[in-house]
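Below is input-v8.txt, holding compact mmCIF, C-alpha atoms and all ligand atoms.
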# COMPACT_ATOMS: atom_id res chain seq x y z
CA ALA W 1 -0.21 -40.86 16.74
CA ARG W 2 1.37 -38.73 14.03
CA THR W 3 0.49 -37.69 10.50
CA PRO W 4 3.30 -36.49 8.23
CA LEU W 5 2.38 -33.41 6.17
CA GLY W 6 5.69 -33.17 4.39
CA VAL W 7 9.33 -34.26 4.60
CA GLN W 8 9.89 -31.99 7.62
CA ALA W 9 6.33 -31.30 8.79
CA VAL W 10 4.23 -33.47 11.08
CA VAL W 11 0.98 -33.41 13.10
CA LEU W 12 1.44 -34.81 16.63
CA HIS W 13 -2.16 -35.68 17.47
CA GLY W 14 -3.13 -34.88 21.05
CA ASP W 15 0.42 -34.23 22.27
CA ALA W 16 -0.78 -31.13 24.21
CA LEU W 17 -3.94 -32.75 25.63
CA ALA W 18 -2.46 -33.54 29.05
CA CYS W 19 -1.37 -29.92 29.58
CA ALA W 20 -4.19 -28.15 27.71
CA GLU W 21 -5.94 -26.80 30.81
CA ALA W 22 -2.66 -25.45 32.18
CA LEU W 23 -1.90 -23.84 28.79
CA LEU W 24 -5.29 -22.10 28.80
CA ALA W 25 -4.72 -20.84 32.35
CA GLN W 26 -1.36 -19.39 31.22
CA ILE W 27 -3.00 -17.77 28.19
CA ALA W 28 -5.49 -16.05 30.53
CA GLN W 29 -2.60 -14.77 32.67
CA ILE W 30 -0.72 -13.47 29.63
CA ALA W 31 -3.86 -11.77 28.26
CA ALA W 32 -4.35 -10.03 31.62
CA GLN W 33 -0.96 -8.31 31.06
CA ALA W 34 -1.00 -8.01 27.25
CA PRO W 35 -4.63 -8.01 26.07
CA PHE W 36 -5.83 -9.68 22.87
CA ARG W 37 -6.21 -7.06 20.15
CA GLN W 38 -7.00 -6.84 16.44
CA LEU W 39 -3.99 -5.53 14.54
CA THR W 40 -3.97 -3.54 11.31
CA THR W 41 -2.13 -4.56 8.13
CA PRO W 42 0.29 -2.14 6.43
CA GLY W 43 -2.49 -1.66 3.86
CA GLY W 44 -4.87 -0.50 6.58
CA ARG W 45 -7.09 -3.58 6.91
CA ARG W 46 -8.09 -5.01 10.26
CA ILE W 47 -6.89 -8.56 10.91
CA GLY W 48 -9.80 -10.77 12.02
CA VAL W 49 -7.76 -12.95 14.36
CA GLU W 50 -7.14 -11.39 17.80
CA MET W 51 -3.52 -11.63 18.90
CA THR W 52 -1.15 -11.28 21.79
CA ASN W 53 2.38 -12.59 22.49
CA CYS W 54 4.75 -13.83 25.13
CA GLY W 55 8.51 -14.30 25.10
CA ASP W 56 11.43 -12.06 24.18
CA TYR W 57 9.68 -10.81 21.03
CA GLY W 58 6.12 -10.48 19.80
CA TRP W 59 4.76 -10.33 16.27
CA TYR W 60 3.13 -7.00 15.52
CA SER W 61 1.53 -5.24 12.57
CA ASP W 62 0.33 -1.70 11.89
CA ARG W 63 0.52 0.88 9.07
CA ARG W 64 4.32 0.81 9.43
CA GLY W 65 4.61 -2.89 8.59
CA TYR W 66 4.88 -6.43 9.92
CA ARG W 67 7.68 -6.92 12.46
CA TYR W 68 8.82 -8.37 15.77
CA VAL W 69 9.01 -6.00 18.75
CA SER W 70 10.30 -6.58 22.28
CA VAL W 71 7.97 -3.99 23.82
CA ASP W 72 4.19 -4.26 23.36
CA PRO W 73 3.15 -1.05 21.56
CA VAL W 74 -0.30 -1.22 23.21
CA THR W 75 0.89 -1.38 26.84
CA ASP W 76 4.43 0.05 26.37
CA ARG W 77 5.69 -2.85 28.46
CA PRO W 78 7.79 -5.90 27.51
CA TRP W 79 5.73 -8.93 26.48
CA PRO W 80 4.98 -11.33 29.35
CA ALA W 81 7.71 -13.95 29.82
CA MET W 82 7.34 -17.28 28.06
CA PRO W 83 5.99 -19.73 30.69
CA ALA W 84 8.27 -22.72 31.38
CA LEU W 85 5.43 -25.02 30.30
CA PHE W 86 5.34 -23.37 26.84
CA LEU W 87 9.11 -23.76 26.42
CA THR W 88 9.19 -27.43 27.42
CA LEU W 89 6.17 -28.29 25.26
CA ALA W 90 7.69 -26.58 22.18
CA GLU W 91 11.08 -28.15 22.81
CA GLN W 92 9.62 -31.66 23.22
CA ALA W 93 7.45 -31.33 20.10
CA ALA W 94 10.36 -30.08 18.01
CA GLN W 95 12.50 -32.94 19.30
CA ALA W 96 9.79 -35.49 18.42
CA ALA W 97 9.72 -34.05 14.89
CA GLY W 98 13.48 -34.34 14.45
CA PHE W 99 14.62 -30.87 15.55
CA PRO W 100 16.55 -31.27 18.82
CA GLY W 101 17.61 -28.30 20.97
CA TYR W 102 14.77 -26.00 19.92
CA ARG W 103 14.47 -22.77 21.91
CA PRO W 104 11.77 -20.39 20.64
CA GLN W 105 12.18 -16.62 21.16
CA ALA W 106 8.57 -15.70 20.44
CA CYS W 107 5.11 -17.14 20.98
CA LEU W 108 2.23 -15.57 19.07
CA ILE W 109 -1.15 -16.39 20.61
CA ASN W 110 -4.02 -16.28 18.11
CA ARG W 111 -7.69 -16.23 19.09
CA TYR W 112 -10.28 -17.16 16.47
CA ARG W 113 -13.97 -16.40 16.95
CA PRO W 114 -16.71 -18.01 14.81
CA GLY W 115 -16.39 -16.92 11.17
CA VAL W 116 -12.77 -15.78 11.54
CA GLY W 117 -10.00 -17.39 9.47
CA MET W 118 -6.53 -16.62 8.17
CA ALA W 119 -5.88 -16.20 4.45
CA LEU W 120 -3.17 -18.23 2.70
CA HIS W 121 0.24 -16.70 3.47
CA GLN W 122 3.91 -17.44 4.17
CA ASP W 123 5.68 -16.60 7.44
CA ARG W 124 8.45 -14.32 6.15
CA ASP W 125 9.19 -12.02 9.11
CA GLU W 126 11.82 -14.29 10.66
CA GLU W 127 15.50 -14.22 9.64
CA ASP W 128 15.88 -17.95 10.28
CA ARG W 129 14.00 -19.57 7.37
CA LEU W 130 14.79 -23.16 8.40
CA ALA W 131 14.19 -23.29 12.19
CA PRO W 132 10.96 -25.11 13.00
CA ILE W 133 7.69 -23.45 13.90
CA VAL W 134 5.62 -25.29 16.51
CA SER W 135 1.86 -24.74 16.67
CA VAL W 136 -0.56 -25.87 19.38
CA SER W 137 -4.33 -25.92 18.77
CA LEU W 138 -6.76 -25.42 21.66
CA GLY W 139 -10.55 -25.28 21.82
CA VAL W 140 -12.91 -25.35 18.84
CA PRO W 141 -11.67 -27.45 15.87
CA ALA W 142 -10.39 -25.77 12.71
CA VAL W 143 -9.42 -26.73 9.19
CA PHE W 144 -5.79 -25.89 8.48
CA LEU W 145 -4.87 -25.17 4.87
CA TRP W 146 -1.55 -26.69 3.86
CA GLY W 147 -0.28 -25.31 0.58
CA GLY W 148 2.84 -25.54 -1.51
CA ASP W 149 5.77 -23.28 -2.30
CA THR W 150 3.62 -21.00 -4.46
CA ARG W 151 0.24 -19.44 -3.77
CA SER W 152 -1.30 -21.12 -6.81
CA SER W 153 -1.05 -24.76 -5.65
CA ARG W 154 -4.31 -25.99 -4.17
CA PRO W 155 -3.96 -26.49 -0.40
CA LEU W 156 -4.64 -29.73 1.44
CA GLN W 157 -7.26 -29.42 4.21
CA VAL W 158 -6.05 -30.71 7.57
CA PRO W 159 -8.46 -30.86 10.54
CA LEU W 160 -6.84 -29.69 13.79
CA VAL W 161 -8.50 -30.32 17.16
CA HIS W 162 -7.93 -29.43 20.82
CA GLY W 163 -4.51 -30.67 21.90
CA ASP W 164 -2.99 -31.15 18.44
CA VAL W 165 0.60 -30.01 17.93
CA VAL W 166 2.14 -29.37 14.51
CA VAL W 167 5.81 -28.86 13.69
CA TRP W 168 7.11 -27.37 10.42
CA GLY W 169 10.77 -26.80 9.61
CA GLY W 170 13.51 -27.08 7.01
CA VAL W 171 12.22 -27.53 3.48
CA ASP W 172 8.58 -27.17 4.65
CA ARG W 173 9.16 -23.94 6.57
CA MET W 174 8.20 -21.53 3.76
CA ARG W 175 5.06 -23.32 2.55
CA PHE W 176 1.88 -21.31 2.08
CA HIS W 177 -0.68 -21.99 4.79
CA GLY W 178 -3.88 -20.63 6.29
CA VAL W 179 -6.96 -21.41 8.38
CA ARG W 180 -10.54 -21.77 7.07
CA PRO W 181 -13.08 -19.45 8.74
CA LEU W 182 -14.03 -21.06 12.05
CA ALA W 183 -17.35 -22.94 12.01
CA PRO W 184 -19.58 -22.12 14.99
CA ALA W 185 -19.00 -24.75 17.69
CA TRP W 186 -18.59 -25.06 21.44
CA HIS W 187 -15.71 -26.40 23.49
CA PRO W 188 -16.07 -26.90 27.26
CA GLU W 189 -12.71 -25.23 27.98
CA THR W 190 -12.78 -22.31 25.50
CA GLY W 191 -16.45 -21.64 24.67
CA ASP W 192 -16.85 -20.66 21.00
CA CYS W 193 -13.15 -19.81 20.49
CA ARG W 194 -10.09 -21.48 19.07
CA TYR W 195 -6.64 -20.59 20.39
CA ASN W 196 -3.41 -21.28 18.58
CA LEU W 197 0.06 -20.95 20.04
CA THR W 198 2.72 -20.36 17.37
CA PHE W 199 6.31 -20.73 18.59
CA ARG W 200 9.09 -19.21 16.50
CA LYS W 201 12.83 -18.83 16.52
CA LEU W 202 13.67 -15.56 14.80
CA ARG W 203 17.45 -15.76 14.28
C1 LIG W 301 3.01 -23.94 8.19
N1 LIG W 301 -1.22 -19.40 12.35
O1 LIG W 301 0.12 -17.13 12.97
S1 LIG W 301 -0.44 -22.56 12.71
C2 LIG W 301 0.35 -17.63 11.86
O2 LIG W 301 -3.59 -21.79 13.32
C3 LIG W 301 -0.41 -18.84 11.45
O3 LIG W 301 -3.21 -19.76 13.97
C4 LIG W 301 -2.09 -20.48 12.04
O4 LIG W 301 -0.26 -19.26 10.34
C5 LIG W 301 -3.02 -20.71 13.19
O5 LIG W 301 1.19 -17.19 11.06
C6 LIG W 301 -1.43 -21.71 11.56
C7 LIG W 301 1.16 -21.97 12.45
C8 LIG W 301 2.00 -22.07 11.24
C9 LIG W 301 3.00 -21.16 11.25
C10 LIG W 301 3.96 -21.17 10.29
C11 LIG W 301 3.98 -22.10 9.28
C12 LIG W 301 1.98 -23.00 10.23
C13 LIG W 301 2.98 -23.03 9.22
C14 LIG W 301 5.01 -22.10 8.30
C15 LIG W 301 5.03 -23.03 7.30
C16 LIG W 301 4.02 -23.95 7.23
FE FE W 302 1.49 -18.34 9.39
Can you present the structure in this file as structure tokens?
Ligand code: MD3
Ligand code: FE
Amino acid sequence: ARTPLGVQAVVLHGDALACAEALLAQIAQIAAQAPFRQLTTPGGRRIGVEMTNCGDYGWYSDRRGYRYVSVDPVTDRPWPAMPALFLTLAEQAAQAAGFPGYRPQACLINRYRPGVGMALHQDRDEEDRLAPIVSVSLGVPAVFLWGGDTRSSRPLQVPLVHGDVVVWGGVDRMRFHGVRPLAPAWHPETGDCRYNLTFRKLR
């Protein structure tokens, strides 16, 4: 089943269910090489979501700014390679949403604990402002906030559960979006956490 969110944005309900356990096993392997950590904003605030990356580039933030780096500043090693399963899942989801030939260069892995959310923002650190972003939700359900082209428009609330895949590209790529603070809940495969994989093509 699918729910359109916009002209070029769609929720693919449960499209990652069949491979969810394998995805979580890969996340554990990646985190063993590049641990989850809380980053700092350029303004000096700690980001509540814990993050790590895999692929050619990883999203990073500290006092010097938001950016993509090919070497993990915490371990001084390249980010773990993007698992083949991640690449094929992202490519298939993009294809199903009308973006054939998608090859992401970066996968940001977000971990949300109870009470943690993500404020309304735009993803502006990528040169390619039209290439789709693919997101995969795992574990505890969350409410995704789907806004407009300005911060002031009131966002739609979209529930996302274990195995849901969302694709945003083209005219919907620069929309404001966020995640409501996670309500305490339990999932048999992730405990009290939610994981989100965010695939991006940078240029
Ligand atoms: C919608 N992550 O890491 S999914 C992020 O669930 C981020 O962890 C959220 O927003 C999460 O930046 C939301 C990913 C997402 C990414 C980019 C988008 C949704 C988007 C760009 C436009 C519209
Ligand atoms: Fe975002």
Close residues, W:Glu127 itself excluded, 9 Å, all atoms listed in the file, min 4 positions apart in chain, as a PyMOL selection string: chain W and resi 201-203
Selection as number ranges by chain: residues within 12 Å of ligand FE 302 (chain W) by only C-alpha atoms and all ligand atoms: W: 49, 59, 108-110, 117-126, 133-135, 144-147, 168, 173-179, 196-200
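Taking atom CA of W:Arg64 and atom CA of W:Arg46 as endpoints, the distance between them is 13.7 Å.
Using only C-alpha atoms and all ligand atoms, the shortest contact distance between ligand LIG 301 (chain W) and any of W:Cys54, W:Val166, W:Val116, W:Cys19 is found at W:Val166.
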Contact residues around W:Leu138 with only C-alpha atoms at 6 Å, ignoring same-chain residues under 2 positions, as a list in words: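 Counting only C-alpha atoms, the residues come to His162, Gly163, Arg194 and Tyr195 of chain W.
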Same residues, C-alpha atoms, output as a PDB file, in the coordinates of the input:
ATOM      1  CA  HIS W 162      -7.930 -29.430  20.820  1.00  0.00           C
ATOM      2  CA  GLY W 163      -4.510 -30.670  21.900  1.00  0.00           C
ATOM      3  CA  ARG W 194     -10.090 -21.480  19.070  1.00  0.00           C
ATOM      4  CA  TYR W 195      -6.640 -20.590  20.390  1.00  0.00           C
TER       5      TYR W 195
END
Could you please give me, as a tab-separated table (two decimals) with C-alpha atoms, in the coordinates of the input, the residues of protein, DNA or RNA lying at most 12 Å from (15.9, -28.8, 20.4) in the coordinate frame of the file, considering all atoms listed in the file?
chain	number	residue	atom	x	y	z
W	87	LEU	CA	9.11	-23.76	26.42
W	88	THR	CA	9.19	-27.43	27.42
W	89	LEU	CA	6.17	-28.29	25.26
W	90	ALA	CA	7.69	-26.58	22.18
W	91	GLU	CA	11.08	-28.15	22.81
W	92	GLN	CA	9.62	-31.66	23.22
W	93	ALA	CA	7.45	-31.33	20.10
W	94	ALA	CA	10.36	-30.08	18.01
W	95	GLN	CA	12.50	-32.94	19.30
W	96	ALA	CA	9.79	-35.49	18.42
W	97	ALA	CA	9.72	-34.05	14.89
W	98	GLY	CA	13.48	-34.34	14.45
W	99	PHE	CA	14.62	-30.87	15.55
W	100	PRO	CA	16.55	-31.27	18.82
W	101	GLY	CA	17.61	-28.30	20.97
W	102	TYR	CA	14.77	-26.00	19.92
W	103	ARG	CA	14.47	-22.77	21.91
W	104	PRO	CA	11.77	-20.39	20.64
W	131	ALA	CA	14.19	-23.29	12.19
W	132	PRO	CA	10.96	-25.11	13.00
W	133	ILE	CA	7.69	-23.45	13.90
W	134	VAL	CA	5.62	-25.29	16.51
W	201	LYS	CA	12.83	-18.83	16.52
Output stretch 16-38 of chain W as a PDB file, in the coordinates of the input, making sure N, CA and C atoms are there.
ATOM      1  N   ALA W  16      -0.617 -32.186  23.199  1.00  0.00           N
ATOM      2  CA  ALA W  16      -0.780 -31.130  24.210  1.00  0.00           C
ATOM      3  C   ALA W  16      -2.032 -31.343  25.056  1.00  0.00           C
ATOM      4  N   LEU W  17      -2.685 -32.511  24.900  1.00  0.00           N
ATOM      5  CA  LEU W  17      -3.940 -32.750  25.630  1.00  0.00           C
ATOM      6  C   LEU W  17      -3.737 -32.728  27.147  1.00  0.00           C
ATOM      7  N   ALA W  18      -2.681 -33.400  27.606  1.00  0.00           N
ATOM      8  CA  ALA W  18      -2.460 -33.540  29.050  1.00  0.00           C
ATOM      9  C   ALA W  18      -2.230 -32.183  29.710  1.00  0.00           C
ATOM     10  N   CYS W  19      -1.672 -31.218  28.980  1.00  0.00           N
ATOM     11  CA  CYS W  19      -1.370 -29.920  29.580  1.00  0.00           C
ATOM     12  C   CYS W  19      -2.280 -28.811  29.076  1.00  0.00           C
ATOM     13  N   ALA W  20      -3.349 -29.168  28.352  1.00  0.00           N
ATOM     14  CA  ALA W  20      -4.190 -28.150  27.710  1.00  0.00           C
ATOM     15  C   ALA W  20      -4.810 -27.173  28.712  1.00  0.00           C
ATOM     16  N   GLU W  21      -5.318 -27.697  29.822  1.00  0.00           N
ATOM     17  CA  GLU W  21      -5.940 -26.800  30.810  1.00  0.00           C
ATOM     18  C   GLU W  21      -4.931 -25.826  31.376  1.00  0.00           C
ATOM     19  N   ALA W  22      -3.726 -26.323  31.651  1.00  0.00           N
ATOM     20  CA  ALA W  22      -2.660 -25.450  32.180  1.00  0.00           C
ATOM     21  C   ALA W  22      -2.261 -24.406  31.128  1.00  0.00           C
ATOM     22  N   LEU W  23      -2.226 -24.795  29.863  1.00  0.00           N
ATOM     23  CA  LEU W  23      -1.900 -23.840  28.790  1.00  0.00           C
ATOM     24  C   LEU W  23      -2.943 -22.719  28.743  1.00  0.00           C
ATOM     25  N   LEU W  24      -4.218 -23.104  28.851  1.00  0.00           N
ATOM     26  CA  LEU W  24      -5.290 -22.100  28.800  1.00  0.00           C
ATOM     27  C   LEU W  24      -5.232 -21.158  30.000  1.00  0.00           C
ATOM     28  N   ALA W  25      -4.869 -21.694  31.167  1.00  0.00           N
ATOM     29  CA  ALA W  25      -4.720 -20.840  32.350  1.00  0.00           C
ATOM     30  C   ALA W  25      -3.576 -19.840  32.130  1.00  0.00           C
ATOM     31  N   GLN W  26      -2.488 -20.298  31.511  1.00  0.00           N
ATOM     32  CA  GLN W  26      -1.360 -19.390  31.220  1.00  0.00           C
ATOM     33  C   GLN W  26      -1.758 -18.339  30.201  1.00  0.00           C
ATOM     34  N   ILE W  27      -2.543 -18.734  29.199  1.00  0.00           N
ATOM     35  CA  ILE W  27      -3.000 -17.770  28.190  1.00  0.00           C
ATOM     36  C   ILE W  27      -3.807 -16.660  28.869  1.00  0.00           C
ATOM     37  N   ALA W  28      -4.677 -17.050  29.816  1.00  0.00           N
ATOM     38  CA  ALA W  28      -5.490 -16.050  30.530  1.00  0.00           C
ATOM     39  C   ALA W  28      -4.581 -15.092  31.309  1.00  0.00           C
ATOM     40  N   GLN W  29      -3.540 -15.623  31.921  1.00  0.00           N
ATOM     41  CA  GLN W  29      -2.600 -14.770  32.670  1.00  0.00           C
ATOM     42  C   GLN W  29      -1.857 -13.815  31.748  1.00  0.00           C
ATOM     43  N   ILE W  30      -1.424 -14.323  30.592  1.00  0.00           N
ATOM     44  CA  ILE W  30      -0.720 -13.470  29.630  1.00  0.00           C
ATOM     45  C   ILE W  30      -1.652 -12.364  29.126  1.00  0.00           C
ATOM     46  N   ALA W  31      -2.907 -12.751  28.809  1.00  0.00           N
ATOM     47  CA  ALA W  31      -3.860 -11.770  28.260  1.00  0.00           C
ATOM     48  C   ALA W  31      -4.239 -10.710  29.289  1.00  0.00           C
ATOM     49  N   ALA W  32      -4.076 -11.042  30.587  1.00  0.00           N
ATOM     50  CA  ALA W  32      -4.350 -10.030  31.620  1.00  0.00           C
ATOM     51  C   ALA W  32      -3.268  -8.950  31.610  1.00  0.00           C
ATOM     52  N   GLN W  33      -2.068  -9.280  31.117  1.00  0.00           N
ATOM     53  CA  GLN W  33      -0.960  -8.310  31.060  1.00  0.00           C
ATOM     54  C   GLN W  33      -0.822  -7.685  29.673  1.00  0.00           C
ATOM     55  N   ALA W  34      -1.107  -8.470  28.638  1.00  0.00           N
ATOM     56  CA  ALA W  34      -1.000  -8.010  27.250  1.00  0.00           C
ATOM     57  C   ALA W  34      -2.285  -8.455  26.539  1.00  0.00           C
ATOM     58  N   PRO W  35      -3.296  -7.595  26.537  1.00  0.00           N
ATOM     59  CA  PRO W  35      -4.630  -8.010  26.070  1.00  0.00           C
ATOM     60  C   PRO W  35      -4.655  -8.438  24.595  1.00  0.00           C
ATOM     61  N   PHE W  36      -5.560  -9.360  24.273  1.00  0.00           N
ATOM     62  CA  PHE W  36      -5.830  -9.680  22.870  1.00  0.00           C
ATOM     63  C   PHE W  36      -6.301  -8.411  22.170  1.00  0.00           C
ATOM     64  N   ARG W  37      -5.815  -8.231  20.937  1.00  0.00           N
ATOM     65  CA  ARG W  37      -6.210  -7.060  20.150  1.00  0.00           C
ATOM     66  C   ARG W  37      -6.220  -7.427  18.671  1.00  0.00           C
ATOM     67  N   GLN W  38      -7.001  -6.669  17.895  1.00  0.00           N
ATOM     68  CA  GLN W  38      -7.000  -6.840  16.440  1.00  0.00           C
ATOM     69  C   GLN W  38      -6.015  -5.850  15.855  1.00  0.00           C
TER      70      GLN W  38
END
